[in-house]
Amino acid sequence: MKKTILLSLSLGVLLSSGFLISNAIATSNISQEKSERTISKEQAFTFFTNVLEQQKADFLNNTPLAHTNQSRLSSRDEAVLIFLSSTKVDKQQLHSFSYKISNVKVYSENQRNYAEAYVTRTFNFESGLETGLGDTLVLEIQSSPDDLKGPSHTISSSNSTSEVNEKVSVDEFLEKYEAEATK
């Protein structure tokens with residue numbers, strides 16, 4: 001009987017210590033995963049706000065491609081094509097530009113940090129025409145928490161669901177748009 005109780009106690013101690021060790025390893029892995037995600041949703045929201053404020057400034061100045069590193073716009077972005085077709089072909093004057101950021105997500109993949117959000121951009125023209133565009137933007141953000149205190153963070157790339165996949169230049173697009181508009 002003493003052997004049975006001693007064996008039960010020994011087995012209980014071994015099992016509980018094994019549980020504690022595996023629990024400590026799991027806790028260590030979770031904290032390591034959390035430390036890999038170096039930016040918060042609030043910081044990602046700030047990044048998107050900075051990008052969209054630059055887009056707003058560029059659109060209002062009629063120069064959507066003036067600061068592509070900050071605005072993350074390209075000549076293939078539908079927002080640029082909508083703006084250019086409305087201002088250059090339809091001769092509409094932009095009255096205001098607004099945006100809304102929602103569903104901000106932050107994740108790490110292959111040791112890289114990404115921020116993703118659904119962004120709605122709205123153009124209001126002086127004629128009363130309002131055009132909106134909603135899409136998902138993904139930014140790769142290369143920063144550590146210490147770098148985020150100042151303006152030195154880097155946004156290295158951007159993907160957008162609103163980019164036109166065809167290899168059509170802006171000039172070609174505007175020519176085709178003008179031809180369709182004058183039919």
# chains A, B, ... in the order shown; residues from 1 in each chain; ligands from 1
>>> residues_around(residues="Ser71 in chain A", least_positions_apart="4", cutoff="9 Å", atoms="only C-alpha atoms", output="list in words")
Asn50, Val51, Leu52, Glu53, Gln54, Gln55, Lys56, Asp58, Pro64, Leu65, Ala66 and His67 of chain A
>>> write_last_selection(atoms="C-alpha atoms", output="PDB file, in the first residue's frame")
ATOM      1  CA  ASN A  50      -0.485  59.657 -42.752  1.00  0.00           C
ATOM      2  CA  VAL A  51      -0.670  57.944 -46.145  1.00  0.00           C
ATOM      3  CA  LEU A  52      -4.226  59.151 -46.772  1.00  0.00           C
ATOM      4  CA  GLU A  53      -3.502  62.706 -45.606  1.00  0.00           C
ATOM      5  CA  GLN A  54      -0.704  62.828 -48.202  1.00  0.00           C
ATOM      6  CA  GLN A  55      -3.129  61.506 -50.827  1.00  0.00           C
ATOM      7  CA  LYS A  56      -5.626  64.184 -49.811  1.00  0.00           C
ATOM      8  CA  ASP A  58      -1.862  65.638 -53.509  1.00  0.00           C
ATOM      9  CA  PRO A  64      -1.768  62.824 -57.304  1.00  0.00           C
ATOM     10  CA  LEU A  65       1.626  61.354 -58.208  1.00  0.00           C
ATOM     11  CA  ALA A  66       3.794  64.090 -56.664  1.00  0.00           C
ATOM     12  CA  HIS A  67       4.702  62.211 -53.467  1.00  0.00           C
TER      13      HIS A  67
END
>>> residues_around(residues="Gln43 in chain A", least_positions_apart="3", cutoff="10 Å", atoms="only C-alpha atoms", output="PyMOL selection string")
chain A and resi 38-40+46-49+106+115+145+148
>>> write_last_selection(atoms="N, CA and C atoms", output="mmCIF file, in the first residue's frame")
data_model
loop_
_atom_site.group_PDB
_atom_site.id
_atom_site.type_symbol
_atom_site.label_atom_id
_atom_site.label_comp_id
_atom_site.auth_asym_id
_atom_site.auth_seq_id
_atom_site.Cartn_x
_atom_site.Cartn_y
_atom_site.Cartn_z
ATOM 1 N N THR A 38 5.456 43.923 -33.995
ATOM 2 C CA THR A 38 6.089 45.081 -33.378
ATOM 3 C C THR A 38 5.249 46.350 -33.435
ATOM 4 N N ILE A 39 4.110 46.320 -34.078
ATOM 5 C CA ILE A 39 3.284 47.519 -34.133
ATOM 6 C C ILE A 39 1.879 47.193 -33.645
ATOM 7 N N SER A 40 1.223 48.196 -33.111
ATOM 8 C CA SER A 40 -0.144 48.012 -32.625
ATOM 9 C C SER A 40 -1.137 48.446 -33.694
ATOM 10 N N THR A 46 -2.467 55.076 -37.494
ATOM 11 C CA THR A 46 -1.714 56.318 -37.713
ATOM 12 C C THR A 46 -0.973 56.270 -39.043
ATOM 13 N N PHE A 47 -0.372 55.125 -39.373
ATOM 14 C CA PHE A 47 0.317 54.984 -40.669
ATOM 15 C C PHE A 47 -0.654 55.215 -41.821
ATOM 16 N N PHE A 48 -1.825 54.570 -41.752
ATOM 17 C CA PHE A 48 -2.822 54.747 -42.814
ATOM 18 C C PHE A 48 -3.285 56.200 -42.890
ATOM 19 N N THR A 49 -3.473 56.827 -41.746
ATOM 20 C CA THR A 49 -3.879 58.235 -41.723
ATOM 21 C C THR A 49 -2.832 59.108 -42.404
ATOM 22 N N VAL A 106 -3.219 43.951 -37.958
ATOM 23 C CA VAL A 106 -1.762 43.949 -37.935
ATOM 24 C C VAL A 106 -1.320 42.499 -37.826
ATOM 25 N N ALA A 115 0.355 45.931 -42.039
ATOM 26 C CA ALA A 115 -0.874 46.543 -41.560
ATOM 27 C C ALA A 115 -1.855 46.505 -42.729
ATOM 28 N N PRO A 145 9.558 48.791 -32.147
ATOM 29 C CA PRO A 145 8.819 49.692 -31.266
ATOM 30 C C PRO A 145 9.603 50.960 -30.925
ATOM 31 N N LEU A 148 9.284 53.750 -33.594
ATOM 32 C CA LEU A 148 7.970 54.344 -33.796
ATOM 33 C C LEU A 148 7.781 55.642 -33.016
#
>>> closest_residue(among="A:Ile141, A:Val170, A:Leu81, A:Leu129", to="Glu109 in chain A", atoms="only C-alpha atoms")
A:Ile141
>>> residues_around(residues="Val119 in chain A", least_positions_apart="5", cutoff="7 Å", atoms="only C-alpha atoms", output="VMD selection string")
chain A and resid 99 to 102 134 to 137
>>> residues_around(residues="range 173-177 of chain A", least_positions_apart="5", cutoff="12 Å", atoms="only C-alpha atoms", output="PyMOL selection string")
chain A and resi 75-78+80-90+164+166-168+182-183
>>> write_last_selection(atoms="N, CA and C atoms", output="JSON list (two decimals), in the first residue's frame")
[["chain", "number", "residue", "atom", "x", "y", "z"],
["A", 75, "SER", "N", 0.46, 55.13, -60.77],
["A", 75, "SER", "CA", -0.32, 55.49, -61.96],
["A", 75, "SER", "C", -1.37, 54.42, -62.28],
["A", 76, "ARG", "N", -1.28, 53.26, -61.64],
["A", 76, "ARG", "CA", -2.24, 52.18, -61.87],
["A", 76, "ARG", "C", -3.35, 52.15, -60.83],
["A", 77, "ASP", "N", -3.29, 53.00, -59.83],
["A", 77, "ASP", "CA", -4.30, 53.03, -58.77],
["A", 77, "ASP", "C", -5.60, 53.61, -59.33],
["A", 78, "GLU", "N", -6.71, 52.94, -59.07],
["A", 78, "GLU", "CA", -7.99, 53.40, -59.59],
["A", 78, "GLU", "C", -8.36, 54.79, -59.09],
["A", 80, "VAL", "N", -6.33, 57.27, -58.66],
["A", 80, "VAL", "CA", -5.62, 58.21, -59.54],
["A", 80, "VAL", "C", -6.32, 58.29, -60.89],
["A", 81, "LEU", "N", -6.72, 57.16, -61.43],
["A", 81, "LEU", "CA", -7.39, 57.14, -62.73],
["A", 81, "LEU", "C", -8.75, 57.83, -62.68],
["A", 82, "ILE", "N", -9.49, 57.62, -61.60],
["A", 82, "ILE", "CA", -10.78, 58.31, -61.44],
["A", 82, "ILE", "C", -10.55, 59.81, -61.35],
["A", 83, "PHE", "N", -9.59, 60.22, -60.54],
["A", 83, "PHE", "CA", -9.30, 61.64, -60.39],
["A", 83, "PHE", "C", -8.89, 62.27, -61.72],
["A", 84, "LEU", "N", -7.94, 61.63, -62.41],
["A", 84, "LEU", "CA", -7.44, 62.20, -63.67],
["A", 84, "LEU", "C", -8.52, 62.24, -64.75],
["A", 85, "SER", "N", -9.33, 61.19, -64.85],
["A", 85, "SER", "CA", -10.37, 61.20, -65.87],
["A", 85, "SER", "C", -11.42, 62.26, -65.56],
["A", 86, "SER", "N", -11.71, 62.47, -64.29],
["A", 86, "SER", "CA", -12.71, 63.48, -63.92],
["A", 86, "SER", "C", -12.18, 64.89, -64.09],
["A", 87, "THR", "N", -10.91, 65.11, -63.77],
["A", 87, "THR", "CA", -10.38, 66.47, -63.85],
["A", 87, "THR", "C", -9.86, 66.83, -65.23],
["A", 88, "LYS", "N", -9.21, 65.91, -65.92],
["A", 88, "LYS", "CA", -8.61, 66.23, -67.22],
["A", 88, "LYS", "C", -9.58, 66.07, -68.39],
["A", 89, "VAL", "N", -10.38, 65.01, -68.36],
["A", 89, "VAL", "CA", -11.29, 64.76, -69.49],
["A", 89, "VAL", "C", -12.64, 65.44, -69.25],
["A", 90, "ASP", "N", -13.23, 65.19, -68.07],
["A", 90, "ASP", "CA", -14.55, 65.76, -67.78],
["A", 90, "ASP", "C", -14.46, 67.21, -67.31],
["A", 164, "VAL", "N", -5.30, 48.75, -61.10],
["A", 164, "VAL", "CA", -5.65, 48.18, -62.39],
["A", 164, "VAL", "C", -4.52, 47.23, -62.79],
["A", 166, "GLU", "N", -3.99, 45.79, -65.71],
["A", 166, "GLU", "CA", -3.52, 45.92, -67.09],
["A", 166, "GLU", "C", -2.34, 46.88, -67.14],
["A", 167, "LYS", "N", -1.47, 46.66, -68.08],
["A", 167, "LYS", "CA", -0.31, 47.54, -68.24],
["A", 167, "LYS", "C", -0.66, 48.65, -69.23],
["A", 168, "VAL", "N", -1.56, 49.52, -68.81],
["A", 168, "VAL", "CA", -2.00, 50.64, -69.63],
["A", 168, "VAL", "C", -1.44, 51.90, -68.98],
["A", 182, "THR", "N", -16.99, 60.78, -75.22],
["A", 182, "THR", "CA", -17.49, 61.63, -76.31],
["A", 182, "THR", "C", -18.38, 60.87, -77.29],
["A", 183, "LYS", "N", -18.63, 59.60, -77.06],
["A", 183, "LYS", "CA", -19.51, 58.82, -77.94],
["A", 183, "LYS", "C", -20.93, 59.25, -77.81]]
>>> residues_around(residues="His95 in chain A", least_positions_apart="3", cutoff="12 Å", atoms="only C-alpha atoms", output="PyMOL selection string")
chain A and resi 56+59-62+83+86-87+92+98+122-131
>>> atom_distance(atom1="CA of Gln111 in chain A", atom2="CA of Gln142 in chain A")
10.0 Å
